[in-house]
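Colleague: My structure is in run.cif, and what it holds is mmCIF, C-alpha atoms and all ligand atoms:
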```
data_model
loop_
_atom_site.group_PDB
_atom_site.id
_atom_site.type_symbol
_atom_site.label_atom_id
_atom_site.label_comp_id
_atom_site.auth_asym_id
_atom_site.auth_seq_id
_atom_site.Cartn_x
_atom_site.Cartn_y
_atom_site.Cartn_z
ATOM 1 C CA MET A 84 193.709 -94.145 187.625
ATOM 2 C CA THR A 85 194.616 -97.341 189.431
ATOM 3 C CA VAL A 86 198.211 -97.963 190.455
ATOM 4 C CA PRO A 87 199.893 -100.184 187.831
ATOM 5 C CA LEU A 88 200.708 -103.695 188.979
ATOM 6 C CA LEU A 89 204.154 -103.316 187.448
ATOM 7 C CA GLN A 90 206.093 -100.074 187.389
ATOM 8 C CA VAL A 91 209.529 -100.063 185.789
ATOM 9 C CA GLU A 92 211.149 -96.679 186.372
ATOM 10 C CA ALA A 93 214.156 -95.664 184.238
ATOM 11 C CA ILE A 94 216.153 -98.827 184.765
ATOM 12 C CA ALA A 95 219.607 -99.398 183.311
ATOM 13 C CA LYS A 96 221.584 -102.591 182.907
ATOM 14 C CA ARG A 97 225.192 -103.116 181.924
ATOM 15 C CA TYR A 98 227.504 -106.089 182.093
ATOM 16 C CA THR A 99 231.087 -105.752 183.243
ATOM 17 C CA GLY A 100 233.581 -108.330 182.039
ATOM 18 C CA ASP A 101 237.133 -108.752 180.809
ATOM 19 C CA GLY A 102 236.330 -106.613 177.764
ATOM 20 C CA GLY A 103 235.102 -103.687 179.907
ATOM 21 C CA VAL A 104 231.596 -102.385 180.436
ATOM 22 C CA VAL A 105 228.884 -103.494 177.993
ATOM 23 C CA PRO A 106 225.716 -101.378 178.256
ATOM 24 C CA VAL A 107 222.559 -103.360 177.508
ATOM 25 C CA PHE A 108 219.821 -100.752 178.044
ATOM 26 C CA ASP A 109 219.329 -97.444 179.803
ATOM 27 C CA GLY A 110 216.312 -95.392 180.816
ATOM 28 C CA VAL A 111 213.783 -98.170 180.277
ATOM 29 C CA SER A 112 210.378 -97.368 181.795
ATOM 30 C CA LEU A 113 207.205 -99.396 181.590
ATOM 31 C CA GLN A 114 203.879 -99.577 183.371
ATOM 32 C CA VAL A 115 201.565 -102.562 183.121
ATOM 33 C CA GLN A 116 198.101 -102.650 184.674
ATOM 34 C CA ALA A 117 196.439 -105.723 186.141
ATOM 35 C CA GLY A 118 194.472 -107.334 183.310
ATOM 36 C CA GLU A 119 196.807 -105.976 180.642
ATOM 37 C CA PHE A 120 198.771 -108.021 178.117
ATOM 38 C CA VAL A 121 201.915 -106.371 176.714
ATOM 39 C CA ALA A 122 204.096 -107.821 173.967
ATOM 40 C CA LEU A 123 207.776 -106.923 173.799
ATOM 41 C CA LEU A 124 209.592 -107.118 170.480
ATOM 42 C CA GLY A 125 213.206 -106.345 169.640
ATOM 43 C CA GLU A 126 216.174 -107.606 167.704
ATOM 44 C CA SER A 127 218.110 -110.585 168.967
ATOM 45 C CA GLY A 128 220.603 -109.518 171.633
ATOM 46 C CA VAL A 129 218.964 -106.149 172.357
ATOM 47 C CA GLY A 130 218.218 -107.155 175.955
ATOM 48 C CA LYS A 131 214.680 -108.530 176.134
ATOM 49 C CA SER A 132 215.551 -111.519 178.334
ATOM 50 C CA THR A 133 217.784 -109.291 180.455
ATOM 51 C CA LEU A 134 214.845 -106.909 180.953
ATOM 52 C CA LEU A 135 212.536 -109.731 182.099
ATOM 53 C CA ASN A 136 215.228 -110.998 184.489
ATOM 54 C CA ALA A 137 215.710 -107.465 185.825
ATOM 55 C CA ILE A 138 211.954 -107.053 186.399
ATOM 56 C CA ALA A 139 211.865 -110.359 188.272
ATOM 57 C CA GLY A 140 214.887 -109.473 190.401
ATOM 58 C CA LEU A 141 216.750 -112.455 188.945
ATOM 59 C CA ASP A 142 219.365 -110.020 187.628
ATOM 60 C CA THR A 143 220.673 -106.854 189.296
ATOM 61 C CA ILE A 144 220.051 -103.404 187.824
ATOM 62 C CA ASP A 145 222.434 -100.442 187.685
ATOM 63 C CA ALA A 146 219.886 -97.617 187.918
ATOM 64 C CA GLY A 147 216.177 -97.043 188.438
ATOM 65 C CA ARG A 148 213.687 -99.248 190.261
ATOM 66 C CA VAL A 149 211.037 -101.893 189.708
ATOM 67 C CA LEU A 150 207.805 -101.836 191.702
ATOM 68 C CA LEU A 151 205.694 -104.981 191.697
ATOM 69 C CA ASP A 152 202.340 -104.516 193.427
ATOM 70 C CA GLY A 153 203.909 -101.517 195.179
ATOM 71 C CA GLU A 154 206.981 -103.409 196.423
ATOM 72 C CA ASP A 155 210.432 -102.198 195.355
ATOM 73 C CA VAL A 156 211.807 -105.519 194.052
ATOM 74 C CA HIS A 157 215.520 -104.674 194.104
ATOM 75 C CA ALA A 158 215.387 -102.952 197.499
ATOM 76 C CA LEU A 159 214.013 -106.059 199.226
ATOM 77 C CA PRO A 160 216.383 -108.404 201.061
ATOM 78 C CA GLU A 161 216.796 -111.710 199.209
ATOM 79 C CA PRO A 162 214.323 -113.782 201.305
ATOM 80 C CA ALA A 163 211.567 -111.198 200.796
ATOM 81 C CA GLN A 164 212.418 -110.964 197.087
ATOM 82 C CA ALA A 165 212.170 -114.752 196.768
ATOM 83 C CA ARG A 166 208.806 -114.706 198.585
ATOM 84 C CA LEU A 167 207.526 -111.987 196.245
ATOM 85 C CA ARG A 168 208.559 -114.079 193.223
ATOM 86 C CA ARG A 169 206.979 -117.251 194.632
ATOM 87 C CA GLU A 170 203.685 -115.558 195.423
ATOM 88 C CA LYS A 171 203.216 -113.062 192.636
ATOM 89 C CA LEU A 172 205.293 -114.070 189.649
ATOM 90 C CA GLY A 173 204.997 -116.689 186.942
ATOM 91 C CA PHE A 174 208.088 -116.860 184.726
ATOM 92 C CA VAL A 175 208.306 -118.819 181.462
ATOM 93 C CA PHE A 176 212.017 -119.078 180.755
ATOM 94 C CA GLN A 177 213.377 -119.322 177.229
ATOM 95 C CA ALA A 178 215.298 -122.434 178.286
ATOM 96 C CA PHE A 179 212.221 -123.885 180.113
ATOM 97 C CA HIS A 180 214.136 -124.836 183.350
ATOM 98 C CA VAL A 181 211.971 -127.930 183.777
ATOM 99 C CA LEU A 182 213.425 -130.126 186.533
ATOM 100 C CA PRO A 183 214.623 -133.370 184.871
ATOM 101 C CA HIS A 184 214.094 -135.719 187.834
ATOM 102 C CA LEU A 185 210.493 -134.668 188.498
ATOM 103 C CA ARG A 186 207.526 -136.044 186.600
ATOM 104 C CA VAL A 187 205.538 -133.563 184.501
ATOM 105 C CA HIS A 188 202.737 -133.358 187.084
ATOM 106 C CA ASP A 189 205.228 -132.616 189.882
ATOM 107 C CA ASN A 190 207.055 -130.012 187.798
ATOM 108 C CA VAL A 191 203.795 -128.155 187.248
ATOM 109 C CA ALA A 192 202.785 -128.590 190.913
ATOM 110 C CA LEU A 193 206.064 -127.102 192.183
ATOM 111 C CA PRO A 194 204.953 -123.440 192.519
ATOM 112 C CA LEU A 195 201.915 -124.591 194.527
ATOM 113 C CA LYS A 196 204.061 -126.836 196.702
ATOM 114 C CA LEU A 197 206.469 -123.949 197.435
ATOM 115 C CA LEU A 198 203.445 -121.981 198.685
ATOM 116 C CA GLY A 199 202.366 -124.905 200.880
ATOM 117 C CA ARG A 200 199.433 -125.718 198.630
ATOM 118 C CA ASP A 201 198.359 -128.991 197.070
ATOM 119 C CA ASP A 202 195.830 -128.899 194.240
ATOM 120 C CA ALA A 203 196.121 -131.874 191.889
ATOM 121 C CA ALA A 204 192.930 -130.856 190.058
ATOM 122 C CA ARG A 205 194.386 -127.429 189.241
ATOM 123 C CA VAL A 206 197.610 -129.071 187.983
ATOM 124 C CA GLU A 207 195.636 -131.412 185.718
ATOM 125 C CA ALA A 208 193.489 -128.505 184.475
ATOM 126 C CA MET A 209 196.621 -126.545 183.547
ATOM 127 C CA LEU A 210 198.079 -129.565 181.741
ATOM 128 C CA ALA A 211 194.816 -129.926 179.814
ATOM 129 C CA ALA A 212 194.778 -126.202 179.008
ATOM 130 C CA VAL A 213 198.145 -126.472 177.257
ATOM 131 C CA GLY A 214 197.230 -129.760 175.531
ATOM 132 C CA LEU A 215 199.223 -132.148 177.727
ATOM 133 C CA GLU A 216 196.381 -134.119 179.296
ATOM 134 C CA GLY A 217 197.432 -137.662 180.177
ATOM 135 C CA LEU A 218 201.168 -136.878 180.163
ATOM 136 C CA GLY A 219 201.511 -135.932 183.842
ATOM 137 C CA HIS A 220 203.236 -139.212 184.748
ATOM 138 C CA ARG A 221 206.042 -138.781 182.197
ATOM 139 C CA LEU A 222 209.544 -137.591 182.920
ATOM 140 C CA PRO A 223 210.758 -134.509 181.002
ATOM 141 C CA GLN A 224 213.179 -136.634 178.948
ATOM 142 C CA GLN A 225 210.140 -138.422 177.488
ATOM 143 C CA LEU A 226 208.733 -135.188 176.014
ATOM 144 C CA SER A 227 209.390 -133.232 172.829
ATOM 145 C CA GLY A 228 210.765 -129.674 172.920
ATOM 146 C CA GLY A 229 207.347 -128.168 172.276
ATOM 147 C CA GLN A 230 205.795 -130.321 175.017
ATOM 148 C CA LEU A 231 208.501 -129.218 177.476
ATOM 149 C CA GLN A 232 207.759 -125.618 176.603
ATOM 150 C CA ARG A 233 204.114 -126.205 177.471
ATOM 151 C CA VAL A 234 205.081 -127.790 180.811
ATOM 152 C CA ALA A 235 206.975 -124.574 181.553
ATOM 153 C CA ILE A 236 203.895 -122.504 180.671
ATOM 154 C CA ALA A 237 201.538 -124.622 182.805
ATOM 155 C CA ARG A 238 203.993 -124.325 185.712
ATOM 156 C CA ALA A 239 204.226 -120.543 185.337
ATOM 157 C CA LEU A 240 200.430 -120.147 185.539
ATOM 158 C CA VAL A 241 199.375 -122.842 188.003
ATOM 159 C CA HIS A 242 199.506 -120.640 191.133
ATOM 160 C CA ARG A 243 197.570 -117.781 189.461
ATOM 161 C CA PRO A 244 200.420 -115.235 189.592
ATOM 162 C CA ARG A 245 199.691 -111.508 189.478
ATOM 163 C CA LEU A 246 202.473 -110.960 186.925
ATOM 164 C CA ILE A 247 203.410 -113.324 184.095
ATOM 165 C CA LEU A 248 206.774 -112.830 182.407
ATOM 166 C CA ALA A 249 207.033 -115.069 179.356
ATOM 167 C CA ASP A 250 210.188 -115.294 177.248
ATOM 168 C CA GLU A 251 209.340 -116.598 173.761
ATOM 169 C CA PRO A 252 206.736 -119.055 175.111
ATOM 170 C CA THR A 253 205.574 -120.137 171.660
ATOM 171 C CA GLY A 254 208.991 -120.349 170.007
ATOM 172 C CA ASN A 255 208.965 -124.148 169.590
ATOM 173 C CA LEU A 256 205.287 -124.617 168.826
ATOM 174 C CA ASP A 257 203.344 -125.185 165.614
ATOM 175 C CA PRO A 258 200.829 -122.378 164.832
ATOM 176 C CA GLY A 259 197.821 -124.292 166.189
ATOM 177 C CA THR A 260 199.475 -125.217 169.475
ATOM 178 C CA ALA A 261 200.901 -121.699 169.771
ATOM 179 C CA GLU A 262 197.357 -120.291 169.460
ATOM 180 C CA ARG A 263 196.143 -122.618 172.189
ATOM 181 C CA VAL A 264 198.956 -121.620 174.520
ATOM 182 C CA LEU A 265 198.292 -117.932 173.819
ATOM 183 C CA ASP A 266 194.606 -118.535 174.576
ATOM 184 C CA THR A 267 195.657 -119.925 177.975
ATOM 185 C CA LEU A 268 197.842 -116.883 178.660
ATOM 186 C CA VAL A 269 195.145 -114.435 177.548
ATOM 187 C CA ALA A 270 192.549 -116.236 179.700
ATOM 188 C CA GLN A 271 194.801 -115.920 182.750
ATOM 189 C CA VAL A 272 195.164 -112.203 182.090
ATOM 190 C CA ARG A 273 191.487 -111.559 181.387
ATOM 191 C CA HIS A 274 189.835 -113.848 183.940
ATOM 192 C CA GLU A 275 192.339 -113.712 186.793
ATOM 193 C CA GLY A 276 193.357 -110.064 186.347
ATOM 194 C CA ALA A 277 197.026 -110.939 185.872
ATOM 195 C CA ALA A 278 199.433 -108.674 184.010
ATOM 196 C CA CYS A 279 201.577 -110.207 181.304
ATOM 197 C CA VAL A 280 204.776 -109.160 179.541
ATOM 198 C CA LEU A 281 205.402 -111.458 176.610
ATOM 199 C CA VAL A 282 208.721 -111.420 174.771
ATOM 200 C CA THR A 283 208.255 -112.679 171.244
ATOM 201 C CA HIS A 284 209.558 -112.559 167.694
ATOM 202 C CA SER A 285 206.141 -113.729 166.485
ATOM 203 C CA ARG A 286 203.841 -111.100 164.984
ATOM 204 C CA ALA A 287 200.921 -113.524 165.483
ATOM 205 C CA ALA A 288 201.667 -113.657 169.220
ATOM 206 C CA ALA A 289 202.154 -109.900 169.407
ATOM 207 C CA ALA A 290 198.786 -109.418 167.685
ATOM 208 C CA ARG A 291 197.078 -110.900 170.768
ATOM 209 C CA ALA A 292 198.476 -108.191 173.034
ATOM 210 C CA ASP A 293 196.803 -104.959 174.169
ATOM 211 C CA ARG A 294 200.030 -103.053 173.495
ATOM 212 C CA VAL A 295 203.147 -103.884 171.497
ATOM 213 C CA LEU A 296 206.449 -102.345 172.572
ATOM 214 C CA LEU A 297 209.811 -102.378 170.852
ATOM 215 C CA LEU A 298 213.067 -102.543 172.821
ATOM 216 C CA THR A 299 215.926 -100.746 171.062
ATOM 217 C CA PRO A 300 219.372 -99.665 172.294
ATOM 218 C CA ASN A 301 217.757 -96.247 172.850
ATOM 219 C CA GLY A 302 215.004 -97.551 175.101
ATOM 220 C CA LEU A 303 211.467 -98.816 174.899
ATOM 221 C CA ARG A 304 208.852 -97.356 172.526
ATOM 222 C CA ALA A 305 205.513 -98.291 171.003
ATOM 223 C CA ALA A 306 205.997 -100.586 167.990
ATOM 224 C CA ASP A 307 204.743 -99.436 164.584
HETATM 225 N N1 LIG B 1 226.030 -112.627 181.656
HETATM 226 C C1 LIG B 1 226.312 -111.812 180.624
HETATM 227 N N2 LIG B 1 227.501 -111.181 180.528
HETATM 228 C C2 LIG B 1 227.768 -110.335 179.527
HETATM 229 N N3 LIG B 1 226.892 -110.032 178.540
HETATM 230 C C3 LIG B 1 225.696 -110.628 178.578
HETATM 231 C C4 LIG B 1 225.327 -111.545 179.618
HETATM 232 N N4 LIG B 1 224.051 -111.964 179.388
HETATM 233 C C5 LIG B 1 223.635 -111.350 178.256
HETATM 234 N N5 LIG B 1 224.625 -110.546 177.773
HETATM 235 C C6 LIG B 1 224.532 -109.684 176.580
HETATM 236 O O1 LIG B 1 223.481 -108.775 176.817
HETATM 237 C C7 LIG B 1 222.764 -108.549 175.607
HETATM 238 C C8 LIG B 1 221.294 -108.815 175.793
HETATM 239 O O2 LIG B 1 221.052 -110.233 175.896
HETATM 240 P P1 LIG B 1 219.574 -110.809 175.991
HETATM 241 O O3 LIG B 1 219.680 -112.287 176.136
HETATM 242 O O4 LIG B 1 218.834 -110.056 177.029
HETATM 243 O O5 LIG B 1 218.999 -110.420 174.548
HETATM 244 P P2 LIG B 1 217.592 -110.792 173.880
HETATM 245 O O6 LIG B 1 217.053 -109.512 173.322
HETATM 246 O O7 LIG B 1 216.727 -111.505 174.865
HETATM 247 O O8 LIG B 1 218.048 -111.752 172.718
HETATM 248 P P3 LIG B 1 217.290 -112.989 171.956
HETATM 249 O O9 LIG B 1 216.136 -112.398 171.198
HETATM 250 O O10 LIG B 1 218.368 -113.509 171.050
HETATM 251 O O11 LIG B 1 216.878 -113.965 173.015
HETATM 252 C C9 LIG B 1 223.412 -109.413 174.538
HETATM 253 O O12 LIG B 1 224.265 -108.601 173.766
HETATM 254 C C10 LIG B 1 224.175 -110.448 175.317
HETATM 255 O O13 LIG B 1 225.335 -110.849 174.616
#
```
Take the structure I supplied and represent it as structure tokens, if you would.

Modeller:
Amino acid sequence: MTVPLLQVEAIAKRYTGDGGVVPVFDGVSLQVQAGEFVALLGESGVGKSTLLNAIAGLDTIDAGRVLLDGEDVHALPEPAQARLRREKLGFVFQAFHVLPHLRVHDNVALPLKLLGRDDAARVEAMLAAVGLEGLGHRLPQQLSGGQLQRVAIARALVHRPRLILADEPTGNLDPGTAERVLDTLVAQVRHEGAACVLVTHSRAAAARADRVLLLTPNGLRAAD
């Protein structure tokens, strides 16, 4: 048995605020192999985005550990954690986080640039893969919500990350465009040997996954 690319071991997350301690989840464990596509379902507010952020090290955890390609994400000092994210992770945020002052092409090229790489052909190929060919010169404000979402997806995949964490990546897309974007994600998983955790409310998106998991307040389990 090969070592999973992602190992989440009994992690817990709680928020502490004026109202006291709010537990989000506890005892969440998950293993994802390279080349495996996992969908994560769960009711609104149950903690799906928090779980993705915790896996990426973008949020702290209160118990357990996360191993990405054998590295203990939360035990790494911040510079090493940032390097791990730059090199190995592609994150599609629910709120896109497209940089408003950069043209579409430059937004998508950013992960490559941060790794000291320059590959305009790869950027254009990713834009074409998500159906945005010819729009590289535009500024984000000149795009629709669904187009912005696809910029975020192209940017998350452009540097061929080992792990793709995608938070509702088809939420703003019509069924046809959503299929095309899912095709791009599946291709990255199958052809590049990436692992993918996809948060979705869409049964059609979940149907593309190898495994479907359900996050509940009691932990993570296989969905029915
Ligand atoms: N910074 C924060 N401080 C306190 N509570 C928070 C914070 N961020 C999120 N929460 C709470 O943690 C819980 C999980 O939120 P999260 O966004 O992870 O849910 P989700 O399952 O992704 O929801 P959705 O499907 O609506 O996107 C929610 O109850 C939310 O109110």

Colleague: Rounded to one decimal place, report the CA of Ala235 in chain A-CA of Leu182 in chain A distance in Å.

Modeller: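 Rounded to one decimal, the two atoms are 9.9 Å apart.
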
Colleague: Please expand the PyMOL selection byres (((chain A and resi 115) around 6) and not hetatm) into the concrete residues it hits in this file, giving the result as a ChimeraX atom specification.

Modeller: /A:87,89,114,116

Colleague: List the residues selected by the PyMOL selection byres (((chain A and resi 173-179) around 8) and not hetatm) in the file shown, writing them as a PyMOL selection string.

Modeller: chain A and resi 168-169+171-172+180-181+231-232+235-236+238-240+242-252

Colleague: Set the distance at 7 Å and use all atoms listed in the file: which residues neighbour Leu150 in chain A once local chain neighbours fewer than 6 positions away are removed? I'd like the list as a VMD selection string.

Modeller: chain A and resid 89 to 91 156

Colleague: Can you list what the PyMOL selection byres (((chain A and resi 288-294) around 6) and not hetatm) grabs from this structure, as a ChimeraX atom specification?

Modeller: /A:120-122,285-287,295

Colleague: Would you mind exporting C-alpha atoms of the selected residues as a PDB file, in the coordinates of the input?

Modeller:
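part-v1.pdb, freshly written:
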```pdb
ATOM      1  CA  PHE A 120     198.771-108.021 178.117  1.00  0.00           C
ATOM      2  CA  VAL A 121     201.915-106.371 176.714  1.00  0.00           C
ATOM      3  CA  ALA A 122     204.096-107.821 173.967  1.00  0.00           C
ATOM      4  CA  SER A 285     206.141-113.729 166.485  1.00  0.00           C
ATOM      5  CA  ARG A 286     203.841-111.100 164.984  1.00  0.00           C
ATOM      6  CA  ALA A 287     200.921-113.524 165.483  1.00  0.00           C
ATOM      7  CA  VAL A 295     203.147-103.884 171.497  1.00  0.00           C
TER       8      VAL A 295
END
```
